[in-house]
Amino acid sequence: MKTNLLKKLAIGIAIIYAPLQSMAWGAEGHRICGQIADSYLSPQARKAIKEILGNESIAITSNWADFIKSDPDFNYLSSWHYIDFDKAYTLPEMQDFLAHDTKVDAYTKLNFLITELKKKDLSKENRLLYLRMLIHIIEDVHQPMHTAHTDDKGGNDFKVNWFNTPTNLHSIWDSQLIEFQQLSYTEYTNAINHATLAQRNEWQKAPIAQWLYESNQIAEKLYTEIKPGDTLNGYKYNFNHIDTLNNQLLKAGVRLAGVLNQLFS
Ligand SMILES: [Zn+2]
C-alpha cells in the first residue's frame, strides 16, 4: 500500500516537473503522434489494441514510457528512447551502422519489441509493457534530437535560451516549439493530420533505417544553425522550423499506425 502511494506520488511529481526535464517529445508531442496513429488504425488493430490497453487511448498511453522513468525498477528502459549517431550518415552508411548495432538503443529495441509482440504466447503483462514501449519509441525516433550526438546527450547539454528562458536544443524540440503553438493535442492533431494516401503509403513503406536517417539528417542541420549560448528568437525559430516539426509529428503517427496495423492484422 505504502509503496504504491509513494509510486503514485513520485509519478505525480514527475508529471509536474515534466516540462523542466528533457524526455523526448514532451507529453503533448507524444499525444499528437498517438492521436494521429489512432486515426489510421484498421478495425482489427483497433480491437486488438483495445484488448491490451483497455480504455487507455494510444494518445494517452504514449506518455507512459516517460512517466515510468520516475520508478527505479524501470531504469533499464531509459536507453531504449534514443540512438546516437554522432555525425551525418548517408543512407548506406546508416544501414551499415545499424546492421552492426548491438547496443541497447531505440533501433535494437524497436526490432525486439516488434518480434516479441508477434508472439502468440506473450504474457499479458509483457504484451502491455511492450506495446506501450513500441508506441513511445516509434514516436521518439521522429524527434530529431533522439538521433543526435552522444557527447552532448542528444542536445541536452547544448545550452541555449528560448527568448530569455535558459533551455537546450533537445528540449526546444521536445516541448518549446510544440507549446509555442498553443494548441491542445487534439486541436494540434486536427490542424496537421492531412497526409495524402500517397504520402502515408510512402512513409509506411520506409524501413526503420530510413526513419532514423531522416531524423538524423534534420538533427545534423539543427546543430549547424546555432551555437551553444545563443539566445533564440522563438518567433523566428518557430517560423523556420514549424513545417519540419509538424512533418515529423505526422510521419511518426502515420508510421506508428502502419506498424500497429501490420502487427495486429
Ligand atoms: Zn521517450
# chains A, B, ... in the order shown; residues from 1 in each chain; ligands from 1
$ closest_atom_pairs --of "chain A" --to "ligand 1" --cutoff "8 Å" --atoms "only C-alpha atoms and all ligand atoms" --output "JSON lines"
{"residue": "A:Met23", "atom": "CA", "partner": "ligand 1", "partner_atom_place_in_ligand_line": "1 (Zn)", "distance": 5.4}
{"residue": "A:Ala24", "atom": "CA", "partner": "ligand 1", "partner_atom_place_in_ligand_line": "1 (Zn)", "distance": 4.2}
{"residue": "A:Trp25", "atom": "CA", "partner": "ligand 1", "partner_atom_place_in_ligand_line": "1 (Zn)", "distance": 6.7}
{"residue": "A:Asn63", "atom": "CA", "partner": "ligand 1", "partner_atom_place_in_ligand_line": "1 (Zn)", "distance": 8.0}
{"residue": "A:Ala65", "atom": "CA", "partner": "ligand 1", "partner_atom_place_in_ligand_line": "1 (Zn)", "distance": 6.3}
{"residue": "A:Asp66", "atom": "CA", "partner": "ligand 1", "partner_atom_place_in_ligand_line": "1 (Zn)", "distance": 5.4}
{"residue": "A:Ser78", "atom": "CA", "partner": "ligand 1", "partner_atom_place_in_ligand_line": "1 (Zn)", "distance": 7.9}
{"residue": "A:Trp80", "atom": "CA", "partner": "ligand 1", "partner_atom_place_in_ligand_line": "1 (Zn)", "distance": 7.9}
{"residue": "A:His81", "atom": "CA", "partner": "ligand 1", "partner_atom_place_in_ligand_line": "1 (Zn)", "distance": 4.7}
{"residue": "A:Tyr82", "atom": "CA", "partner": "ligand 1", "partner_atom_place_in_ligand_line": "1 (Zn)", "distance": 7.4}
{"residue": "A:His136", "atom": "CA", "partner": "ligand 1", "partner_atom_place_in_ligand_line": "1 (Zn)", "distance": 6.2}
{"residue": "A:Ile137", "atom": "CA", "partner": "ligand 1", "partner_atom_place_in_ligand_line": "1 (Zn)", "distance": 6.3}
{"residue": "A:Glu139", "atom": "CA", "partner": "ligand 1", "partner_atom_place_in_ligand_line": "1 (Zn)", "distance": 8.0}
{"residue": "A:Asp140", "atom": "CA", "partner": "ligand 1", "partner_atom_place_in_ligand_line": "1 (Zn)", "distance": 5.4}
$ write_last_selection --atoms "N, CA and C atoms" --output "PDB file, in the first residue's frame"
ATOM      1  N   MET A  23      12.751  14.822 -21.983  1.00  0.00           N
ATOM      2  CA  MET A  23      12.483  13.395 -22.096  1.00  0.00           C
ATOM      3  C   MET A  23      11.699  13.092 -23.359  1.00  0.00           C
ATOM      4  N   ALA A  24      12.285  13.387 -24.471  1.00  0.00           N
ATOM      5  CA  ALA A  24      11.648  13.002 -25.713  1.00  0.00           C
ATOM      6  C   ALA A  24      10.535  13.975 -26.021  1.00  0.00           C
ATOM      7  N   TRP A  25       9.877  13.824 -27.191  1.00  0.00           N
ATOM      8  CA  TRP A  25       8.712  14.666 -27.387  1.00  0.00           C
ATOM      9  C   TRP A  25       8.089  14.853 -26.019  1.00  0.00           C
ATOM     10  N   ASN A  63       2.555   8.414 -23.356  1.00  0.00           N
ATOM     11  CA  ASN A  63       3.384   9.080 -22.338  1.00  0.00           C
ATOM     12  C   ASN A  63       3.922   8.138 -21.263  1.00  0.00           C
ATOM     13  N   ALA A  65       5.916   5.624 -21.095  1.00  0.00           N
ATOM     14  CA  ALA A  65       7.354   5.312 -21.032  1.00  0.00           C
ATOM     15  C   ALA A  65       8.175   6.462 -20.464  1.00  0.00           C
ATOM     16  N   ASP A  66       7.692   7.674 -20.557  1.00  0.00           N
ATOM     17  CA  ASP A  66       8.387   8.797 -19.925  1.00  0.00           C
ATOM     18  C   ASP A  66       8.008   8.914 -18.452  1.00  0.00           C
ATOM     19  N   SER A  78      15.631   3.113 -19.941  1.00  0.00           N
ATOM     20  CA  SER A  78      15.903   4.515 -20.312  1.00  0.00           C
ATOM     21  C   SER A  78      16.703   4.665 -21.612  1.00  0.00           C
ATOM     22  N   TRP A  80      16.369   2.943 -24.203  1.00  0.00           N
ATOM     23  CA  TRP A  80      15.555   2.494 -25.342  1.00  0.00           C
ATOM     24  C   TRP A  80      14.995   3.676 -26.145  1.00  0.00           C
ATOM     25  N   HIS A  81      15.038   4.866 -25.573  1.00  0.00           N
ATOM     26  CA  HIS A  81      14.324   6.013 -26.156  1.00  0.00           C
ATOM     27  C   HIS A  81      15.065   6.727 -27.288  1.00  0.00           C
ATOM     28  N   TYR A  82      16.325   6.402 -27.499  1.00  0.00           N
ATOM     29  CA  TYR A  82      17.115   7.177 -28.471  1.00  0.00           C
ATOM     30  C   TYR A  82      18.202   6.314 -29.080  1.00  0.00           C
ATOM     31  N   HIS A 136       5.724   4.418 -27.893  1.00  0.00           N
ATOM     32  CA  HIS A 136       6.530   5.560 -27.451  1.00  0.00           C
ATOM     33  C   HIS A 136       7.809   5.716 -28.276  1.00  0.00           C
ATOM     34  N   ILE A 137       8.475   4.612 -28.531  1.00  0.00           N
ATOM     35  CA  ILE A 137       9.791   4.707 -29.198  1.00  0.00           C
ATOM     36  C   ILE A 137       9.640   5.071 -30.676  1.00  0.00           C
ATOM     37  N   GLU A 139       7.479   7.009 -31.795  1.00  0.00           N
ATOM     38  CA  GLU A 139       7.285   8.467 -31.728  1.00  0.00           C
ATOM     39  C   GLU A 139       8.615   9.168 -31.441  1.00  0.00           C
ATOM     40  N   ASP A 140       9.328   8.670 -30.447  1.00  0.00           N
ATOM     41  CA  ASP A 140      10.594   9.307 -30.046  1.00  0.00           C
ATOM     42  C   ASP A 140      11.597   9.439 -31.196  1.00  0.00           C
TER      43      ASP A 140
END
$ residues_around --residues "A:Arg31" --least-positions-apart "5" --cutoff "9 Å" --atoms "only C-alpha atoms" --output "PDB file with N, CA and C atoms, in the first residue's frame"
ATOM      1  N   GLY A  26       7.735  16.044 -25.634  1.00  0.00           N
ATOM      2  CA  GLY A  26       7.074  16.235 -24.348  1.00  0.00           C
ATOM      3  C   GLY A  26       5.726  15.525 -24.363  1.00  0.00           C
ATOM      4  N   ILE A  36      -2.745  10.876 -33.988  1.00  0.00           N
ATOM      5  CA  ILE A  36      -2.676  10.714 -35.448  1.00  0.00           C
ATOM      6  C   ILE A  36      -2.696   9.226 -35.796  1.00  0.00           C
ATOM      7  N   ILE A  58      -4.392   5.461 -27.423  1.00  0.00           N
ATOM      8  CA  ILE A  58      -2.992   5.455 -27.866  1.00  0.00           C
ATOM      9  C   ILE A  58      -2.334   6.779 -27.494  1.00  0.00           C
ATOM     10  N   ALA A  59      -3.072   7.881 -27.636  1.00  0.00           N
ATOM     11  CA  ALA A  59      -2.522   9.190 -27.284  1.00  0.00           C
ATOM     12  C   ALA A  59      -2.056   9.213 -25.827  1.00  0.00           C
ATOM     13  N   ILE A  60      -2.886   8.717 -24.943  1.00  0.00           N
ATOM     14  CA  ILE A  60      -2.552   8.778 -23.513  1.00  0.00           C
ATOM     15  C   ILE A  60      -1.476   7.756 -23.155  1.00  0.00           C
ATOM     16  N   THR A  61      -1.548   6.574 -23.728  1.00  0.00           N
ATOM     17  CA  THR A  61      -0.550   5.544 -23.408  1.00  0.00           C
ATOM     18  C   THR A  61       0.837   5.935 -23.927  1.00  0.00           C
ATOM     19  N   SER A  62       0.868   6.844 -24.903  1.00  0.00           N
ATOM     20  CA  SER A  62       2.135   7.300 -25.484  1.00  0.00           C
ATOM     21  C   SER A  62       3.080   7.893 -24.443  1.00  0.00           C
ATOM     22  N   ASN A  63       2.555   8.414 -23.356  1.00  0.00           N
ATOM     23  CA  ASN A  63       3.384   9.080 -22.338  1.00  0.00           C
ATOM     24  C   ASN A  63       3.922   8.138 -21.263  1.00  0.00           C
ATOM     25  N   TYR A 185      -3.640  18.882 -27.660  1.00  0.00           N
ATOM     26  CA  TYR A 185      -3.150  17.835 -28.561  1.00  0.00           C
ATOM     27  C   TYR A 185      -4.189  17.441 -29.612  1.00  0.00           C
ATOM     28  N   THR A 186      -5.464  17.548 -29.262  1.00  0.00           N
ATOM     29  CA  THR A 186      -6.480  17.212 -30.264  1.00  0.00           C
ATOM     30  C   THR A 186      -6.601  18.333 -31.311  1.00  0.00           C
ATOM     31  N   THR A 189      -3.609  17.937 -33.537  1.00  0.00           N
ATOM     32  CA  THR A 189      -3.788  16.807 -34.449  1.00  0.00           C
ATOM     33  C   THR A 189      -4.701  17.202 -35.607  1.00  0.00           C
TER      34      THR A 189
END
$ closest_residue --among "A:Phe239, A:Phe74, A:Phe97, A:Trp173" --to "A:Glu28" --atoms "only C-alpha atoms"
A:Trp173
$ select_by_dssp --residues "stretch 4-242 of chain A" --states "alpha helix (DSSP H)" --output "PyMOL selection string"
chain A and resi 4-17+27-38+43-53+58-61+64-67+91-99+106-117+124-140+169-171+177-180+185-192+197-205+208-225+234-242
$ closest_residue --among "A:Asn190, A:Asp121, A:Phe264, A:Ala195" --to "A:Glu51" --atoms "only C-alpha atoms"
A:Phe264
$ residues_around --residues "A:Lys227" --least-positions-apart "3" --cutoff "10 Å" --atoms "only C-alpha atoms" --output "PyMOL selection string"
chain A and resi 158-160+169+222-224+230-231
$ select_by_dssp --residues "stretch 35-248 of chain A" --states "strand (DSSP E)" --output "JSON list (two decimals) with C-alpha atoms, in the first residue's frame"
[["chain", "number", "residue", "atom", "x", "y", "z"],
["A", 159, "LYS", "CA", 22.50, 25.10, -23.82],
["A", 160, "VAL", "CA", 20.63, 27.97, -25.45],
["A", 161, "ASN", "CA", 17.99, 30.49, -24.44],
["A", 162, "TRP", "CA", 14.46, 30.34, -25.82],
["A", 165, "THR", "CA", 14.49, 31.29, -20.75],
["A", 166, "PRO", "CA", 17.52, 29.02, -20.35],
["A", 167, "THR", "CA", 16.93, 25.67, -22.05],
["A", 168, "ASN", "CA", 18.69, 23.38, -24.50],
["A", 231, "THR", "CA", 19.59, 33.40, -27.49],
["A", 232, "LEU", "CA", 16.92, 32.27, -29.92]]
$ residues_around --residues "A:His142" --least-positions-apart "2" --cutoff "10 Å" --atoms "only C-alpha atoms" --output "PDB file with N, CA, C and O atoms, in the first residue's frame"
ATOM      1  N   ALA A  24      12.285  13.387 -24.471  1.00  0.00           N
ATOM      2  CA  ALA A  24      11.648  13.002 -25.713  1.00  0.00           C
ATOM      3  C   ALA A  24      10.535  13.975 -26.021  1.00  0.00           C
ATOM      4  O   ALA A  24      10.263  14.826 -25.204  1.00  0.00           O
ATOM      5  N   TRP A  25       9.877  13.824 -27.191  1.00  0.00           N
ATOM      6  CA  TRP A  25       8.712  14.666 -27.387  1.00  0.00           C
ATOM      7  C   TRP A  25       8.089  14.853 -26.019  1.00  0.00           C
ATOM      8  O   TRP A  25       7.900  13.883 -25.290  1.00  0.00           O
ATOM      9  N   CYS A  33       1.262  12.502 -31.814  1.00  0.00           N
ATOM     10  CA  CYS A  33       1.635  11.346 -32.641  1.00  0.00           C
ATOM     11  C   CYS A  33       0.647  10.193 -32.416  1.00  0.00           C
ATOM     12  O   CYS A  33       0.216   9.536 -33.364  1.00  0.00           O
ATOM     13  N   TYR A  82      16.325   6.402 -27.499  1.00  0.00           N
ATOM     14  CA  TYR A  82      17.115   7.177 -28.471  1.00  0.00           C
ATOM     15  C   TYR A  82      18.202   6.314 -29.080  1.00  0.00           C
ATOM     16  O   TYR A  82      18.464   5.181 -28.614  1.00  0.00           O
ATOM     17  N   ILE A 137       8.475   4.612 -28.531  1.00  0.00           N
ATOM     18  CA  ILE A 137       9.791   4.707 -29.198  1.00  0.00           C
ATOM     19  C   ILE A 137       9.640   5.071 -30.676  1.00  0.00           C
ATOM     20  O   ILE A 137      10.439   5.840 -31.213  1.00  0.00           O
ATOM     21  N   ILE A 138       8.603   4.548 -31.321  1.00  0.00           N
ATOM     22  CA  ILE A 138       8.373   4.960 -32.722  1.00  0.00           C
ATOM     23  C   ILE A 138       8.187   6.478 -32.764  1.00  0.00           C
ATOM     24  O   ILE A 138       8.715   7.161 -33.636  1.00  0.00           O
ATOM     25  N   GLU A 139       7.479   7.009 -31.795  1.00  0.00           N
ATOM     26  CA  GLU A 139       7.285   8.467 -31.728  1.00  0.00           C
ATOM     27  C   GLU A 139       8.615   9.168 -31.441  1.00  0.00           C
ATOM     28  O   GLU A 139       8.988  10.123 -32.126  1.00  0.00           O
ATOM     29  N   ASP A 140       9.328   8.670 -30.447  1.00  0.00           N
ATOM     30  CA  ASP A 140      10.594   9.307 -30.046  1.00  0.00           C
ATOM     31  C   ASP A 140      11.597   9.439 -31.196  1.00  0.00           C
ATOM     32  O   ASP A 140      12.248  10.475 -31.323  1.00  0.00           O
ATOM     33  N   PRO A 144      13.994  14.713 -33.898  1.00  0.00           N
ATOM     34  CA  PRO A 144      15.356  14.662 -34.465  1.00  0.00           C
ATOM     35  C   PRO A 144      16.461  14.534 -33.411  1.00  0.00           C
ATOM     36  O   PRO A 144      17.439  13.834 -33.639  1.00  0.00           O
ATOM     37  N   MET A 145      16.292  15.181 -32.267  1.00  0.00           N
ATOM     38  CA  MET A 145      17.364  15.174 -31.272  1.00  0.00           C
ATOM     39  C   MET A 145      17.469  13.828 -30.538  1.00  0.00           C
ATOM     40  O   MET A 145      18.310  13.660 -29.671  1.00  0.00           O
ATOM     41  N   HIS A 146      16.614  12.867 -30.921  1.00  0.00           N
ATOM     42  CA  HIS A 146      16.764  11.497 -30.402  1.00  0.00           C
ATOM     43  C   HIS A 146      17.660  10.657 -31.293  1.00  0.00           C
ATOM     44  O   HIS A 146      17.879   9.475 -31.022  1.00  0.00           O
ATOM     45  N   THR A 147      18.146  11.265 -32.360  1.00  0.00           N
ATOM     46  CA  THR A 147      19.066  10.568 -33.261  1.00  0.00           C
ATOM     47  C   THR A 147      20.294  11.456 -33.436  1.00  0.00           C
ATOM     48  O   THR A 147      20.791  11.631 -34.541  1.00  0.00           O
ATOM     49  N   TRP A 211      13.689   5.945 -41.386  1.00  0.00           N
ATOM     50  CA  TRP A 211      13.168   6.875 -40.369  1.00  0.00           C
ATOM     51  C   TRP A 211      14.335   7.532 -39.644  1.00  0.00           C
ATOM     52  O   TRP A 211      14.340   8.747 -39.407  1.00  0.00           O
ATOM     53  N   LEU A 212      15.289   6.677 -39.242  1.00  0.00           N
ATOM     54  CA  LEU A 212      16.421   7.178 -38.451  1.00  0.00           C
ATOM     55  C   LEU A 212      17.305   8.077 -39.302  1.00  0.00           C
ATOM     56  O   LEU A 212      17.826   9.086 -38.818  1.00  0.00           O
ATOM     57  N   GLU A 214      16.342   9.991 -41.810  1.00  0.00           N
ATOM     58  CA  GLU A 214      15.666  11.289 -41.960  1.00  0.00           C
ATOM     59  C   GLU A 214      15.814  12.139 -40.692  1.00  0.00           C
ATOM     60  O   GLU A 214      16.103  13.329 -40.751  1.00  0.00           O
ATOM     61  N   SER A 215      15.617  11.501 -39.561  1.00  0.00           N
ATOM     62  CA  SER A 215      15.686  12.206 -38.289  1.00  0.00           C
ATOM     63  C   SER A 215      17.107  12.728 -38.036  1.00  0.00           C
ATOM     64  O   SER A 215      17.298  13.867 -37.605  1.00  0.00           O
ATOM     65  N   ASN A 216      18.075  11.883 -38.314  1.00  0.00           N
ATOM     66  CA  ASN A 216      19.485  12.265 -38.128  1.00  0.00           C
ATOM     67  C   ASN A 216      19.889  13.405 -39.064  1.00  0.00           C
ATOM     68  O   ASN A 216      20.616  14.320 -38.668  1.00  0.00           O
ATOM     69  N   ILE A 218      17.979  15.775 -40.109  1.00  0.00           N
ATOM     70  CA  ILE A 218      17.416  17.004 -39.534  1.00  0.00           C
ATOM     71  C   ILE A 218      18.261  17.451 -38.343  1.00  0.00           C
ATOM     72  O   ILE A 218      18.631  18.620 -38.229  1.00  0.00           O
ATOM     73  N   LEU A 245       8.914  20.361 -37.948  1.00  0.00           N
ATOM     74  CA  LEU A 245       8.336  19.812 -36.715  1.00  0.00           C
ATOM     75  C   LEU A 245       7.029  19.069 -37.016  1.00  0.00           C
ATOM     76  O   LEU A 245       6.852  17.908 -36.638  1.00  0.00           O
ATOM     77  N   ASN A 247       5.841  17.934 -39.794  1.00  0.00           N
ATOM     78  CA  ASN A 247       6.046  16.788 -40.666  1.00  0.00           C
ATOM     79  C   ASN A 247       6.558  15.582 -39.877  1.00  0.00           C
ATOM     80  O   ASN A 247       6.136  14.442 -40.116  1.00  0.00           O
ATOM     81  N   GLN A 248       7.434  15.824 -38.923  1.00  0.00           N
ATOM     82  CA  GLN A 248       7.957  14.718 -38.109  1.00  0.00           C
ATOM     83  C   GLN A 248       6.867  14.144 -37.196  1.00  0.00           C
ATOM     84  O   GLN A 248       6.780  12.929 -37.018  1.00  0.00           O
ATOM     85  N   LEU A 249       6.034  15.005 -36.633  1.00  0.00           N
ATOM     86  CA  LEU A 249       4.923  14.522 -35.797  1.00  0.00           C
ATOM     87  C   LEU A 249       3.962  13.674 -36.634  1.00  0.00           C
ATOM     88  O   LEU A 249       3.502  12.610 -36.211  1.00  0.00           O
ATOM     89  N   LEU A 250       3.689  14.174 -37.833  1.00  0.00           N
ATOM     90  CA  LEU A 250       2.756  13.484 -38.724  1.00  0.00           C
ATOM     91  C   LEU A 250       3.322  12.135 -39.190  1.00  0.00           C
ATOM     92  O   LEU A 250       2.631  11.112 -39.154  1.00  0.00           O
ATOM     93  N   LYS A 251       4.582  12.152 -39.603  1.00  0.00           N
ATOM     94  CA  LYS A 251       5.215  10.897 -40.041  1.00  0.00           C
ATOM     95  C   LYS A 251       5.227   9.870 -38.915  1.00  0.00           C
ATOM     96  O   LYS A 251       4.987   8.684 -39.148  1.00  0.00           O
ATOM     97  N   ALA A 252       5.534  10.327 -37.705  1.00  0.00           N
ATOM     98  CA  ALA A 252       5.578   9.405 -36.563  1.00  0.00           C
ATOM     99  C   ALA A 252       4.220   8.737 -36.380  1.00  0.00           C
ATOM    100  O   ALA A 252       4.133   7.515 -36.215  1.00  0.00           O
ATOM    101  N   GLY A 253       3.157   9.525 -36.428  1.00  0.00           N
ATOM    102  CA  GLY A 253       1.820   8.973 -36.235  1.00  0.00           C
ATOM    103  C   GLY A 253       1.425   8.013 -37.342  1.00  0.00           C
ATOM    104  O   GLY A 253       0.888   6.930 -37.084  1.00  0.00           O
ATOM    105  N   ARG A 255       3.418   6.348 -39.378  1.00  0.00           N
ATOM    106  CA  ARG A 255       4.241   5.120 -39.344  1.00  0.00           C
ATOM    107  C   ARG A 255       3.863   4.235 -38.165  1.00  0.00           C
ATOM    108  O   ARG A 255       3.870   3.004 -38.279  1.00  0.00           O
TER     109      ARG A 255
END
$ closest_residue --among "A:Ile242, A:Ile52, A:Ala257, A:Val141" --to "A:Arg127" --atoms "only C-alpha atoms"
A:Ile52
$ atom_distance --atom1 "atom CA of A:Gln176" --atom2 "atom CA of A:Asn164"
12.5 Å
$ closest_residue --among "A:Glu93, A:Ile178, A:Gly258, A:Lys118" --to "A:Ala206" --atoms "only C-alpha atoms"
A:Gly258
